[in-house]
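Peer 1: To be precise about what I am sending: the file is called entry.pdb and holds PDB, C-alpha atoms.
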ATOM      1  CA  THR A   1      23.411   4.190  35.309
ATOM      2  CA  GLU A   2      23.129   4.277  31.501
ATOM      3  CA  LEU A   3      26.336   6.301  31.268
ATOM      4  CA  GLY A   4      28.190   3.818  33.455
ATOM      5  CA  ASP A   5      28.793   6.315  36.269
ATOM      6  CA  GLU A   6      28.210   3.679  38.921
ATOM      7  CA  PRO A   7      29.485   5.628  41.978
ATOM      8  CA  LYS A   8      27.134   8.537  41.325
ATOM      9  CA  ALA A   9      24.238   6.224  40.437
ATOM     10  CA  GLU A  10      24.736   4.224  43.628
ATOM     11  CA  GLY A  11      24.753   7.407  45.675
ATOM     12  CA  MET A  12      21.458   8.493  44.125
ATOM     13  CA  ARG A  13      19.921   5.082  44.744
ATOM     14  CA  ASN A  14      20.959   5.158  48.392
ATOM     15  CA  ARG A  15      19.506   8.638  48.781
ATOM     16  CA  LEU A  16      16.219   7.583  47.206
ATOM     17  CA  LEU A  17      15.948   4.584  49.532
ATOM     18  CA  GLN A  18      16.860   6.723  52.540
ATOM     19  CA  ASP A  19      14.539   9.649  51.799
ATOM     20  CA  HIS A  20      11.636   7.743  50.205
ATOM     21  CA  PRO A  21      11.621   4.172  51.622
ATOM     22  CA  ASN A  22       7.818   3.953  51.516
ATOM     23  CA  ASN A  23       7.436   5.150  47.947
ATOM     24  CA  PRO A  24       6.190   2.193  45.864
ATOM     25  CA  PHE A  25       7.734   3.553  42.669
ATOM     26  CA  VAL A  26      11.163   3.740  44.303
ATOM     27  CA  GLN A  27      10.867   0.199  45.602
ATOM     28  CA  ILE A  28       9.678  -1.098  42.231
ATOM     29  CA  GLN A  29      12.694   0.495  40.554
ATOM     30  CA  ARG A  30      14.936  -0.964  43.248
ATOM     31  CA  PHE A  31      14.006  -4.530  42.392
ATOM     32  CA  GLN A  32      13.383  -4.044  38.689
ATOM     33  CA  GLU A  33      16.794  -2.451  38.129
ATOM     34  CA  GLN A  34      18.514  -4.763  40.627
ATOM     35  CA  TRP A  35      19.935  -2.119  42.924
ATOM     36  CA  ASP A  36      20.765  -4.752  45.573
ATOM     37  CA  ASP A  37      23.913  -6.841  45.166
ATOM     38  CA  GLY A  38      22.860  -9.701  47.464
ATOM     39  CA  GLN A  39      22.055 -13.280  46.643
ATOM     40  CA  GLU A  40      18.690 -14.073  45.038
ATOM     41  CA  LEU A  41      17.296 -15.413  48.300
ATOM     42  CA  ASP A  42      18.295 -12.233  50.150
ATOM     43  CA  VAL A  43      16.786 -10.022  47.461
ATOM     44  CA  LEU A  44      13.587 -12.076  47.552
ATOM     45  CA  ALA A  45      13.418 -11.691  51.338
ATOM     46  CA  SER A  46      13.904  -7.929  50.990
ATOM     47  CA  LEU A  47      11.090  -7.744  48.450
ATOM     48  CA  ASP A  48       8.788  -9.726  50.742
ATOM     49  CA  ASP A  49       9.602  -7.292  53.568
ATOM     50  CA  VAL A  50       8.823  -4.314  51.337
ATOM     51  CA  MET A  51       5.508  -5.791  50.199
ATOM     52  CA  GLU A  52       4.445  -6.359  53.796
ATOM     53  CA  SER A  53       5.624  -3.012  55.146
ATOM     54  CA  LEU A  54       4.594  -0.445  52.526
ATOM     55  CA  PRO A  55       2.075   1.791  54.346
ATOM     56  CA  GLY A  56       0.181   2.743  51.193
ATOM     57  CA  PRO A  57      -1.679   3.902  49.404
ATOM     58  CA  VAL A  58      -0.381   1.506  46.777
ATOM     59  CA  SER A  59      -2.140   1.549  43.420
ATOM     60  CA  ALA A  60      -3.342  -1.652  41.784
ATOM     61  CA  ARG A  61      -0.766  -1.226  39.033
ATOM     62  CA  GLN A  62       2.060  -0.824  41.572
ATOM     63  CA  GLU A  63       0.940  -3.738  43.744
ATOM     64  CA  GLY A  64       0.645  -5.949  40.696
ATOM     65  CA  ARG A  65       4.154  -4.939  39.609
ATOM     66  CA  LEU A  66       5.562  -5.994  42.980
ATOM     67  CA  HIS A  67       3.910  -9.402  42.652
ATOM     68  CA  ALA A  68       5.297  -9.729  39.112
ATOM     69  CA  LEU A  69       8.804  -8.846  40.291
ATOM     70  CA  ARG A  70       8.487 -11.506  42.970
ATOM     71  CA  ALA A  71       7.423 -14.015  40.322
ATOM     72  CA  SER A  72      10.491 -13.199  38.218
ATOM     73  CA  LEU A  73      12.814 -13.705  41.193
ATOM     74  CA  LEU A  74      11.164 -17.032  42.003
ATOM     75  CA  ILE A  75      11.561 -18.194  38.394
ATOM     76  CA  GLU A  76      15.276 -17.418  38.570
ATOM     77  CA  ARG A  77      15.427 -19.705  41.605
ATOM     78  CA  GLY A  78      13.510 -22.438  39.822
ATOM     79  CA  GLU A  79      10.500 -22.143  42.151
ATOM     80  CA  TYR A  80       7.924 -22.298  39.390
ATOM     81  CA  GLU A  81       4.838 -23.178  41.420
ATOM     82  CA  ALA A  82       5.455 -20.291  43.829
ATOM     83  CA  ALA A  83       6.099 -18.026  40.838
ATOM     84  CA  GLU A  84       2.743 -18.958  39.328
ATOM     85  CA  ARG A  85       1.029 -18.018  42.592
ATOM     86  CA  SER A  86       2.679 -14.605  42.408
ATOM     87  CA  TRP A  87       1.604 -14.181  38.781
ATOM     88  CA  ALA A  88      -1.941 -15.069  39.802
ATOM     89  CA  SER A  89      -1.802 -12.508  42.638
ATOM     90  CA  ALA A  90      -0.615  -9.871  40.183
ATOM     91  CA  LEU A  91      -3.627 -10.545  37.961
ATOM     92  CA  VAL A  92      -6.031 -10.462  40.919
ATOM     93  CA  VAL A  93      -4.962  -6.975  41.985
ATOM     94  CA  ASP A  94      -4.490  -5.648  38.425
ATOM     95  CA  PRO A  95      -7.000  -7.621  36.327
ATOM     96  CA  THR A  96      -6.710  -5.532  33.151
ATOM     97  CA  ASN A  97      -2.916  -5.620  32.895
ATOM     98  CA  PRO A  98      -2.014  -7.034  29.438
ATOM     99  CA  ARG A  99       1.196  -8.625  30.669
ATOM    100  CA  TYR A 100      -0.524 -10.622  33.402
ATOM    101  CA  LEU A 101      -3.431 -11.550  31.136
ATOM    102  CA  HIS A 102      -0.979 -12.830  28.533
ATOM    103  CA  HIS A 103       0.858 -14.893  31.128
ATOM    104  CA  ALA A 104      -2.397 -16.339  32.477
ATOM    105  CA  ALA A 105      -3.440 -17.231  28.925
ATOM    106  CA  ALA A 106      -0.090 -18.874  28.250
ATOM    107  CA  VAL A 107      -0.385 -21.057  31.344
ATOM    108  CA  ARG A 108      -3.940 -22.018  30.442
ATOM    109  CA  LEU A 109      -2.959 -22.849  26.882
ATOM    110  CA  SER A 110      -0.130 -25.081  28.113
ATOM    111  CA  ASN A 111      -2.717 -26.821  30.312
ATOM    112  CA  ASN A 112      -4.980 -27.293  27.260
ATOM    113  CA  GLN A 113      -7.592 -24.842  28.571
ATOM    114  CA  VAL A 114      -7.873 -23.209  25.184
ATOM    115  CA  LEU A 115     -11.220 -21.425  25.554
ATOM    116  CA  ALA A 116     -10.200 -19.774  28.837
ATOM    117  CA  ALA A 117      -6.871 -18.783  27.282
ATOM    118  CA  LEU A 118      -8.658 -17.152  24.350
ATOM    119  CA  ASP A 119     -10.872 -15.223  26.769
ATOM    120  CA  ASP A 120      -7.797 -13.864  28.585
ATOM    121  CA  LEU A 121      -6.198 -12.881  25.269
ATOM    122  CA  ASP A 122      -9.337 -11.062  24.125
ATOM    123  CA  ARG A 123      -9.303  -9.140  27.421
ATOM    124  CA  CYS A 124      -5.626  -8.359  26.877
ATOM    125  CA  LEU A 125      -6.284  -6.979  23.405
ATOM    126  CA  GLY A 126      -9.270  -5.062  24.739
ATOM    127  CA  ALA A 127      -6.885  -3.254  27.095
ATOM    128  CA  ARG A 128      -4.027  -2.930  24.574
ATOM    129  CA  PRO A 129      -5.133  -3.676  20.990
ATOM    130  CA  TRP A 130      -1.628  -3.322  19.554
ATOM    131  CA  ASP A 131       0.077  -5.741  21.994
ATOM    132  CA  GLN A 132       2.127  -8.102  19.814
ATOM    133  CA  ASN A 133       2.431 -10.844  22.423
ATOM    134  CA  CYS A 134      -1.326 -11.016  22.857
ATOM    135  CA  ARG A 135      -1.876 -10.929  19.089
ATOM    136  CA  HIS A 136       0.522 -13.843  18.713
ATOM    137  CA  GLY A 137      -1.228 -15.668  21.552
ATOM    138  CA  LYS A 138      -4.676 -15.096  20.094
ATOM    139  CA  ILE A 139      -3.675 -16.585  16.744
ATOM    140  CA  GLN A 140      -2.107 -19.562  18.513
ATOM    141  CA  ALA A 141      -5.292 -20.153  20.520
ATOM    142  CA  LEU A 142      -7.572 -19.744  17.489
ATOM    143  CA  LEU A 143      -5.511 -22.261  15.535
ATOM    144  CA  GLU A 144      -5.734 -24.745  18.422
ATOM    145  CA  LEU A 145      -9.515 -24.374  18.060
ATOM    146  CA  ASP A 146      -9.220 -24.681  14.256
ATOM    147  CA  ARG A 147     -10.926 -21.313  13.873
ATOM    148  CA  ILE A 148      -9.146 -20.494  10.638
ATOM    149  CA  THR A 149     -11.637 -17.905   9.411
ATOM    150  CA  HIS A 150     -11.689 -16.181  12.795
ATOM    151  CA  ALA A 151      -7.882 -15.994  12.761
ATOM    152  CA  ARG A 152      -7.857 -14.428   9.301
ATOM    153  CA  GLN A 153     -10.497 -11.901  10.320
ATOM    154  CA  ALA A 154      -8.490 -10.914  13.388
ATOM    155  CA  ILE A 155      -5.334 -10.391  11.324
ATOM    156  CA  ASP A 156      -7.229  -8.363   8.720
ATOM    157  CA  ALA A 157      -8.513  -6.124  11.514
ATOM    158  CA  TRP A 158      -4.933  -5.518  12.694
ATOM    159  CA  GLY A 159      -3.784  -4.380   9.258
ATOM    160  CA  VAL A 160      -0.636  -5.289   7.332
ATOM    161  CA  GLU A 161       2.046  -4.002   9.699
ATOM    162  CA  ARG A 162       3.841  -6.808  11.566
ATOM    163  CA  THR A 163       1.281  -9.439  10.583
ATOM    164  CA  THR A 164       3.025 -11.233   7.691
ATOM    165  CA  VAL A 165       4.315 -14.105   9.803
ATOM    166  CA  LEU A 166       0.928 -14.497  11.478
ATOM    167  CA  ARG A 167      -0.725 -14.710   8.041
ATOM    168  CA  ALA A 168       1.731 -17.414   6.998
ATOM    169  CA  TRP A 169       1.038 -19.283  10.234
ATOM    170  CA  VAL A 170      -2.672 -19.324   9.417
ATOM    171  CA  GLN A 171      -1.990 -20.393   5.826
ATOM    172  CA  ARG A 172      -0.005 -23.387   7.031
ATOM    173  CA  ALA A 173      -2.713 -24.315   9.566
ATOM    174  CA  ALA A 174      -5.333 -24.068   6.806
ATOM    175  CA  GLY A 175      -3.520 -26.691   4.743
ATOM    176  CA  ASP A 176      -1.602 -24.389   2.391
ATOM    177  CA  PRO A 177       2.079 -24.981   3.231
ATOM    178  CA  GLU A 178       3.279 -23.789  -0.172
ATOM    179  CA  GLY A 179       1.472 -20.484   0.290
ATOM    180  CA  ALA A 180       2.916 -20.107   3.791
ATOM    181  CA  ILE A 181       6.466 -20.576   2.507
ATOM    182  CA  THR A 182       5.885 -18.015  -0.248
ATOM    183  CA  THR A 183       4.466 -15.506   2.237
ATOM    184  CA  LEU A 184       7.571 -15.941   4.434
ATOM    185  CA  GLU A 185      10.009 -15.305   1.573
ATOM    186  CA  ASP A 186      11.433 -12.104   3.102
ATOM    187  CA  GLU A 187      10.801 -12.927   6.759
ATOM    188  CA  ASP A 188      13.173 -14.129   9.451
ATOM    189  CA  GLY A 189      13.029 -14.583  13.205
ATOM    190  CA  ALA A 190      12.106 -17.539  15.391
ATOM    191  CA  LEU A 191       8.392 -17.712  14.599
ATOM    192  CA  ALA A 192       8.994 -17.318  10.853
ATOM    193  CA  SER A 193      11.530 -20.166  11.005
ATOM    194  CA  TRP A 194       9.074 -22.291  12.945
ATOM    195  CA  VAL A 195       6.233 -21.775  10.456
ATOM    196  CA  ARG A 196       8.578 -22.357   7.507
ATOM    197  CA  GLY A 197       9.951 -25.562   9.018
ATOM    198  CA  MET A 198       6.509 -26.939   9.869
ATOM    199  CA  ALA A 199       5.269 -26.100   6.371
ATOM    200  CA  LEU A 200       8.224 -27.986   4.887
ATOM    201  CA  LEU A 201       7.363 -30.936   7.137
ATOM    202  CA  ASP A 202       3.805 -30.882   5.751
ATOM    203  CA  LEU A 203       5.306 -31.085   2.266
ATOM    204  CA  GLY A 204       7.517 -34.011   3.235
ATOM    205  CA  SER A 205      10.675 -32.007   2.574
ATOM    206  CA  ALA A 206      14.012 -33.171   3.954
ATOM    207  CA  LYS A 207      14.797 -29.503   4.651
ATOM    208  CA  ALA A 208      12.246 -29.280   7.464
ATOM    209  CA  SER A 209      14.626 -30.231  10.270
ATOM    210  CA  VAL A 210      17.264 -27.688   9.281
ATOM    211  CA  ALA A 211      14.633 -24.993   8.760
ATOM    212  CA  LEU A 212      13.345 -25.505  12.314
ATOM    213  CA  GLU A 213      16.770 -25.138  13.918
ATOM    214  CA  PRO A 214      16.804 -21.286  14.027
ATOM    215  CA  ALA A 215      13.496 -21.354  15.908
ATOM    216  CA  ILE A 216      14.770 -23.858  18.462
ATOM    217  CA  GLU A 217      17.991 -21.896  18.938
ATOM    218  CA  GLY A 218      16.219 -18.537  19.001
ATOM    219  CA  TRP A 219      13.845 -19.695  21.721
ATOM    220  CA  ALA A 220      16.507 -21.501  23.766
ATOM    221  CA  GLY A 221      16.079 -20.704  27.436
ATOM    222  CA  VAL A 222      12.692 -19.028  26.960
ATOM    223  CA  SER A 223      10.369 -20.024  29.807
ATOM    224  CA  GLN A 224       7.179 -18.509  28.383
ATOM    225  CA  PRO A 225       4.641 -21.375  28.171
ATOM    226  CA  MET A 226       3.237 -20.563  24.713
ATOM    227  CA  THR A 227       6.723 -20.548  23.261
ATOM    228  CA  ARG A 228       7.632 -23.795  25.024
ATOM    229  CA  ILE A 229       4.675 -25.443  23.265
ATOM    230  CA  LEU A 230       6.073 -24.442  19.865
ATOM    231  CA  VAL A 231       9.619 -25.501  20.783
ATOM    232  CA  GLY A 232       8.360 -28.928  21.828
ATOM    233  CA  ARG A 233       6.491 -29.328  18.553
ATOM    234  CA  ALA A 234       9.571 -28.274  16.597
ATOM    235  CA  LYS A 235      11.742 -30.881  18.310
ATOM    236  CA  VAL A 236       9.160 -33.597  17.743
ATOM    237  CA  ALA A 237       8.823 -32.456  14.111
ATOM    238  CA  GLN A 238      12.571 -32.885  13.585
ATOM    239  CA  VAL A 239      12.321 -36.521  14.694
ATOM    240  CA  VAL A 240       9.228 -37.036  12.534
ATOM    241  CA  ALA A 241      11.112 -35.597   9.564
ATOM    242  CA  ALA A 242      13.917 -38.091  10.156
ATOM    243  CA  GLY A 243      11.400 -40.937   9.804
ATOM    244  CA  ASP A 244      12.566 -42.977  12.801
ATOM    245  CA  LEU A 245       9.284 -44.522  14.024
ATOM    246  CA  ASP A 246      10.701 -45.756  17.337
ATOM    247  CA  ALA A 247      12.222 -42.380  18.154
ATOM    248  CA  MET A 248       8.979 -40.517  17.390
ATOM    249  CA  SER A 249       7.059 -41.780  20.400
ATOM    250  CA  GLU A 250      10.101 -41.238  22.607
ATOM    251  CA  SER A 251      10.399 -37.654  21.352
ATOM    252  CA  VAL A 252       6.841 -36.853  22.411
ATOM    253  CA  VAL A 253       7.470 -38.171  25.927
ATOM    254  CA  ARG A 254      10.671 -36.139  26.136
ATOM    255  CA  TRP A 255       9.551 -32.817  24.712
ATOM    256  CA  ALA A 256       5.786 -32.593  24.352
ATOM    257  CA  GLU A 257       3.968 -35.241  26.379
ATOM    258  CA  ASP A 258       1.151 -32.832  27.317
ATOM    259  CA  ASP A 259       0.704 -31.402  23.816
ATOM    260  CA  PRO A 260      -2.202 -32.955  21.862
ATOM    261  CA  VAL A 261      -0.977 -31.537  18.547
ATOM    262  CA  ALA A 262       2.475 -33.109  18.921
ATOM    263  CA  LEU A 263       0.819 -36.435  19.744
ATOM    264  CA  VAL A 264      -1.316 -36.127  16.619
ATOM    265  CA  MET A 265       1.761 -35.445  14.473
ATOM    266  CA  VAL A 266       3.313 -38.709  15.589
ATOM    267  CA  ALA A 267       0.033 -40.650  15.471
ATOM    268  CA  GLN A 268      -0.528 -39.663  11.846
ATOM    269  CA  ARG A 269       2.963 -40.819  10.868
ATOM    270  CA  LEU A 270       2.459 -44.140  12.659
ATOM    271  CA  ASP A 271      -0.870 -44.599  10.881
ATOM    272  CA  ASP A 272       0.756 -43.856   7.522
ATOM    273  CA  ALA A 273       3.355 -46.532   8.341
ATOM    274  CA  GLY A 274       0.646 -49.098   9.055
ATOM    275  CA  GLN A 275       1.052 -49.080  12.852
ATOM    276  CA  ARG A 276      -2.652 -48.533  13.378
ATOM    277  CA  VAL A 277      -2.881 -49.809  16.963
ATOM    278  CA  SER A 278      -0.088 -47.528  18.180
ATOM    279  CA  ALA A 279      -1.566 -44.630  16.238
ATOM    280  CA  GLU A 280      -5.003 -45.152  17.796
ATOM    281  CA  ARG A 281      -3.478 -45.144  21.272
ATOM    282  CA  LEU A 282      -1.807 -41.774  20.618
ATOM    283  CA  PHE A 283      -4.940 -40.270  19.046
ATOM    284  CA  GLU A 284      -6.935 -41.297  22.109
ATOM    285  CA  LYS A 285      -4.332 -39.826  24.444
ATOM    286  CA  ALA A 286      -4.349 -36.581  22.444
ATOM    287  CA  THR A 287      -8.113 -36.134  22.778
ATOM    288  CA  GLU A 288      -8.035 -37.072  26.471
ATOM    289  CA  LEU A 289      -5.340 -34.478  27.124
ATOM    290  CA  GLY A 290      -6.950 -31.864  24.907
ATOM    291  CA  PRO A 291     -10.754 -31.999  24.946
ATOM    292  CA  GLU A 292     -10.567 -28.398  23.655
ATOM    293  CA  SER A 293      -8.003 -29.213  20.973
ATOM    294  CA  ALA A 294     -10.036 -29.037  17.784
ATOM    295  CA  VAL A 295      -6.981 -30.169  15.837
ATOM    296  CA  ALA A 296      -6.759 -33.406  17.847
ATOM    297  CA  LEU A 297     -10.517 -34.042  17.706
ATOM    298  CA  HIS A 298     -10.677 -33.559  13.948
ATOM    299  CA  ALA A 299      -7.651 -35.782  13.391
ATOM    300  CA  MET A 300      -9.135 -38.579  15.475
ATOM    301  CA  GLY A 301     -12.389 -38.306  13.557
ATOM    302  CA  MET A 302     -10.482 -38.676  10.297
ATOM    303  CA  PHE A 303      -8.674 -41.712  11.725
ATOM    304  CA  TRP A 304     -11.997 -43.378  12.478
ATOM    305  CA  PHE A 305     -13.679 -42.188   9.247
ATOM    306  CA  ASP A 306     -12.596 -45.371   7.574
ATOM    307  CA  PRO A 307     -14.404 -48.590   6.552
ATOM    308  CA  ARG A 308     -12.063 -50.492   8.888
ATOM    309  CA  SER A 309     -13.299 -48.461  11.875
ATOM    310  CA  SER A 310     -16.559 -47.402  13.450
ATOM    311  CA  LEU A 311     -18.112 -44.477  11.611
ATOM    312  CA  ASP A 312     -20.234 -43.865  14.702
ATOM    313  CA  SER A 313     -17.026 -43.169  16.616
ATOM    314  CA  ALA A 314     -15.988 -40.660  13.983
ATOM    315  CA  ARG A 315     -19.307 -38.852  14.201
ATOM    316  CA  SER A 316     -19.138 -38.795  18.007
ATOM    317  CA  VAL A 317     -15.734 -37.136  18.103
ATOM    318  CA  TRP A 318     -16.686 -34.741  15.311
ATOM    319  CA  ARG A 319     -19.652 -33.555  17.383
ATOM    320  CA  GLN A 320     -17.136 -32.518  20.052
ATOM    321  CA  TYR A 321     -15.036 -30.874  17.347
ATOM    322  CA  LEU A 322     -17.952 -28.855  15.962
ATOM    323  CA  ASP A 323     -18.982 -27.790  19.483
ATOM    324  CA  LEU A 324     -15.717 -25.804  19.575
ATOM    325  CA  GLN A 325     -17.033 -23.656  16.686
ATOM    326  CA  PRO A 326     -14.212 -24.245  14.191
ATOM    327  CA  SER A 327     -14.238 -22.268  10.970
ATOM    328  CA  GLY A 328     -12.642 -22.684   7.574
ATOM    329  CA  ASP A 329     -12.644 -25.348   4.871
ATOM    330  CA  ARG A 330     -11.903 -28.232   7.233
ATOM    331  CA  ALA A 331     -14.840 -27.283   9.457
ATOM    332  CA  ARG A 332     -17.157 -26.899   6.446
ATOM    333  CA  ARG A 333     -16.239 -30.351   5.149
ATOM    334  CA  THR A 334     -16.847 -31.860   8.585
ATOM    335  CA  ARG A 335     -20.273 -30.218   8.855
ATOM    336  CA  ALA A 336     -21.117 -31.614   5.434
ATOM    337  CA  ARG A 337     -20.149 -35.130   6.554
ATOM    338  CA  MET A 338     -22.341 -34.675   9.625
ATOM    339  CA  GLY A 339     -25.257 -33.380   7.550
ATOM    340  CA  ARG A 340     -25.023 -29.888   9.060
ATOM    341  CA  ARG A 341     -24.849 -26.505   7.440
TER     342      ARG A 341
END
Could you rewrite the structure in this file as structure tokens?
Peer 2:
Amino acid sequence: TELGDEPKAEGMRNRLLQDHPNNPFVQIQRFQEQWDDGQELDVLASLDDVMESLPGPVSARQEGRLHALRASLLIERGEYEAAERSWASALVVDPTNPRYLHHAAAVRLSNNQVLAALDDLDRCLGARPWDQNCRHGKIQALLELDRITHARQAIDAWGVERTTVLRAWVQRAAGDPEGAITTLEDEDGALASWVRGMALLDLGSAKASVALEPAIEGWAGVSQPMTRILVGRAKVAQVVAAGDLDAMSESVVRWAEDDPVALVMVAQRLDDAGQRVSAERLFEKATELGPESAVALHAMGMFWFDPRSSLDSARSVWRQYLDLQPSGDRARRTRARMGRR
């Protein structure tokens, strides 16, 4: 197949299917390498038949792979709910598989179940400590929880190889956009562009929108939920950078209506522009959507930590924030305001 000798490859495939039809490995290769030329629906029906008829024994890893292949076929057909059921089945039969754990974490994170997502990612890294997708996911989850110190400790434990962009991501989240941009000086790729663009937005730079474009283009068509979260934030950030207040709220509805952090981005800009009522509405929506979003909870506390507002409200939301065990300078300052150590 790699050499392009299709007639010979097809003959070997047919022989494998004829001589070993009940071999799970053969059937996995059949669907993974797309040996069948039929329509997606026909291929999906064939896979369903195989999954029902294999006499066994089928290992957990093989059974999980069949469920994952089914999920991929369903995604191609746009049947996302059915695909998620297949992903869940894959994880049930193969509960230590890093790929399925990462997918489960991504879905949970997109549903704002941050603590459960972090648990899945820790299990993923327990099974495969070097897995880059799960490392990326863990940092994303820790930053949602505002666990800055925890994120830095995790990266330090992984060493220096392939962690530069992750370090810059944490720097930006910790309130050091200049440092993040410096760290990314020799880095490229979608995530590096995303961190650079968001850091420029923090600095109020007009270059933020252009800097985010490579990330949006690089992730175009990616269906992975964690990545979709970042793409939505990037698109909202471009509108925020343009300064069009009316378009900001519309951009959240269009690209990131379930993302508390995107809502907070817009709410903060509206507050800065004096639209306090609209900002409060978005802050409240952000915390309702993301009760485990430490970023949203802290931001709402800061909004209410004002003589014009109720300081009791600020303290109430900060209690929820501190219950998520944030770490770093922002968390220390909040504990000090609350009279905690």
Peer 1: Got a sec to resolve the PyMOL selection byres ((chain A and resi 96) around 10) on this structure and send the residues as a ChimeraX atom specification?
Peer 2: /A:61,91-95,97-101,120,123-128
Peer 1: Using all atoms listed in the file, what does the table of range 208-297 of chain A residues within 10 Å of range 308-322 of chain A look like, with each row giving the shortest atom pair and its distance in Å to one decimal, sorted by chain and ascending number, as a tab-separated table?
Peer 2:
residue	atom	partner	partner_atom	distance
A:Thr287	CA	A:Val317	CA	9.0
A:Pro291	CA	A:Gln320	CA	8.1
A:Glu292	CA	A:Tyr321	CA	8.1
A:Ser293	CA	A:Tyr321	CA	8.1
A:Ala294	CA	A:Tyr321	CA	5.3
A:Val295	CA	A:Tyr321	CA	8.2
A:Ala296	CA	A:Tyr321	CA	8.7
A:Leu297	CA	A:Tyr321	CA	5.5
Peer 1: For the residues selected in the previous step, produce a file with C-alpha atoms as an mmCIF file, in the frame of the given file.
Peer 2:
data_model
loop_
_atom_site.group_PDB
_atom_site.id
_atom_site.type_symbol
_atom_site.label_atom_id
_atom_site.label_comp_id
_atom_site.auth_asym_id
_atom_site.auth_seq_id
_atom_site.Cartn_x
_atom_site.Cartn_y
_atom_site.Cartn_z
ATOM 1 C CA THR A 287 -8.113 -36.134 22.778
ATOM 2 C CA PRO A 291 -10.754 -31.999 24.946
ATOM 3 C CA GLU A 292 -10.567 -28.398 23.655
ATOM 4 C CA SER A 293 -8.003 -29.213 20.973
ATOM 5 C CA ALA A 294 -10.036 -29.037 17.784
ATOM 6 C CA VAL A 295 -6.981 -30.169 15.837
ATOM 7 C CA ALA A 296 -6.759 -33.406 17.847
ATOM 8 C CA LEU A 297 -10.517 -34.042 17.706
#
Peer 1: Do you know which residues the PyMOL selection byres ((chain A and resi 179) around 12) returns on this file, as a CSV table (one decimal) with C-alpha atoms, in the coordinates of the input?
Peer 2:
chain,number,residue,atom,x,y,z
A,164,THR,CA,3.0,-11.2,7.7
A,165,VAL,CA,4.3,-14.1,9.8
A,167,ARG,CA,-0.7,-14.7,8.0
A,168,ALA,CA,1.7,-17.4,7.0
A,169,TRP,CA,1.0,-19.3,10.2
A,170,VAL,CA,-2.7,-19.3,9.4
A,171,GLN,CA,-2.0,-20.4,5.8
A,172,ARG,CA,0.0,-23.4,7.0
A,173,ALA,CA,-2.7,-24.3,9.6
A,174,ALA,CA,-5.3,-24.1,6.8
A,175,GLY,CA,-3.5,-26.7,4.7
A,176,ASP,CA,-1.6,-24.4,2.4
A,177,PRO,CA,2.1,-25.0,3.2
A,178,GLU,CA,3.3,-23.8,-0.2
A,180,ALA,CA,2.9,-20.1,3.8
A,181,ILE,CA,6.5,-20.6,2.5
A,182,THR,CA,5.9,-18.0,-0.2
A,183,THR,CA,4.5,-15.5,2.2
A,184,LEU,CA,7.6,-15.9,4.4
A,185,GLU,CA,10.0,-15.3,1.6
A,195,VAL,CA,6.2,-21.8,10.5
A,196,ARG,CA,8.6,-22.4,7.5
A,199,ALA,CA,5.3,-26.1,6.4
A,200,LEU,CA,8.2,-28.0,4.9
A,202,ASP,CA,3.8,-30.9,5.8
A,203,LEU,CA,5.3,-31.1,2.3
Peer 1: Can you work out which one of A:Ala106, A:Val231, A:Val236, A:Asn22 has the shortest atom-to-atom distance to Val58 in chain A, counting only C-alpha atoms?
Peer 2: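 Of A:Ala106, A:Val231, A:Val236, A:Asn22, the one nearest Val58 in chain A, counting only C-alpha atoms, is A:Asn22.
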Peer 1: Can you pull out every residue within 8 Å of Arg30 in chain A, counting only C-alpha atoms, but drop anything in the same chain fewer than 5 positions away, and send it as a VMD selection string?
Peer 2: chain A and resid 13 35 to 36
Peer 1: Using only C-alpha atoms, which protein or nucleic acid residues come within 10 Å of Leu263 in chain A? Drop anything in the same chain fewer than 3 positions from it, and give the result as an mmCIF file with C-alpha atoms, in the frame of the given file.
Peer 2:
data_model
loop_
_atom_site.group_PDB
_atom_site.id
_atom_site.type_symbol
_atom_site.label_atom_id
_atom_site.label_comp_id
_atom_site.auth_asym_id
_atom_site.auth_seq_id
_atom_site.Cartn_x
_atom_site.Cartn_y
_atom_site.Cartn_z
ATOM 1 C CA ARG A 233 6.491 -29.328 18.553
ATOM 2 C CA VAL A 236 9.160 -33.597 17.743
ATOM 3 C CA MET A 248 8.979 -40.517 17.390
ATOM 4 C CA SER A 249 7.059 -41.780 20.400
ATOM 5 C CA SER A 251 10.399 -37.654 21.352
ATOM 6 C CA VAL A 252 6.841 -36.853 22.411
ATOM 7 C CA VAL A 253 7.470 -38.171 25.927
ATOM 8 C CA ALA A 256 5.786 -32.593 24.352
ATOM 9 C CA GLU A 257 3.968 -35.241 26.379
ATOM 10 C CA ASP A 258 1.151 -32.832 27.317
ATOM 11 C CA ASP A 259 0.704 -31.402 23.816
ATOM 12 C CA PRO A 260 -2.202 -32.955 21.862
ATOM 13 C CA VAL A 266 3.313 -38.709 15.589
ATOM 14 C CA ALA A 267 0.033 -40.650 15.471
ATOM 15 C CA GLN A 268 -0.528 -39.663 11.846
ATOM 16 C CA ALA A 279 -1.566 -44.630 16.238
ATOM 17 C CA ARG A 281 -3.478 -45.144 21.272
ATOM 18 C CA LEU A 282 -1.807 -41.774 20.618
ATOM 19 C CA PHE A 283 -4.940 -40.270 19.046
ATOM 20 C CA GLU A 284 -6.935 -41.297 22.109
ATOM 21 C CA LYS A 285 -4.332 -39.826 24.444
ATOM 22 C CA ALA A 286 -4.349 -36.581 22.444
ATOM 23 C CA THR A 287 -8.113 -36.134 22.778
ATOM 24 C CA LEU A 289 -5.340 -34.478 27.124
ATOM 25 C CA ALA A 296 -6.759 -33.406 17.847
#
Peer 1: To one decimal place in Å, what is the distance between CA of Ala215 in chain A and CA of Ala190 in chain A?
Peer 2: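 Separating CA of Ala215 in chain A from CA of Ala190 in chain A is a distance of 4.1 Å.
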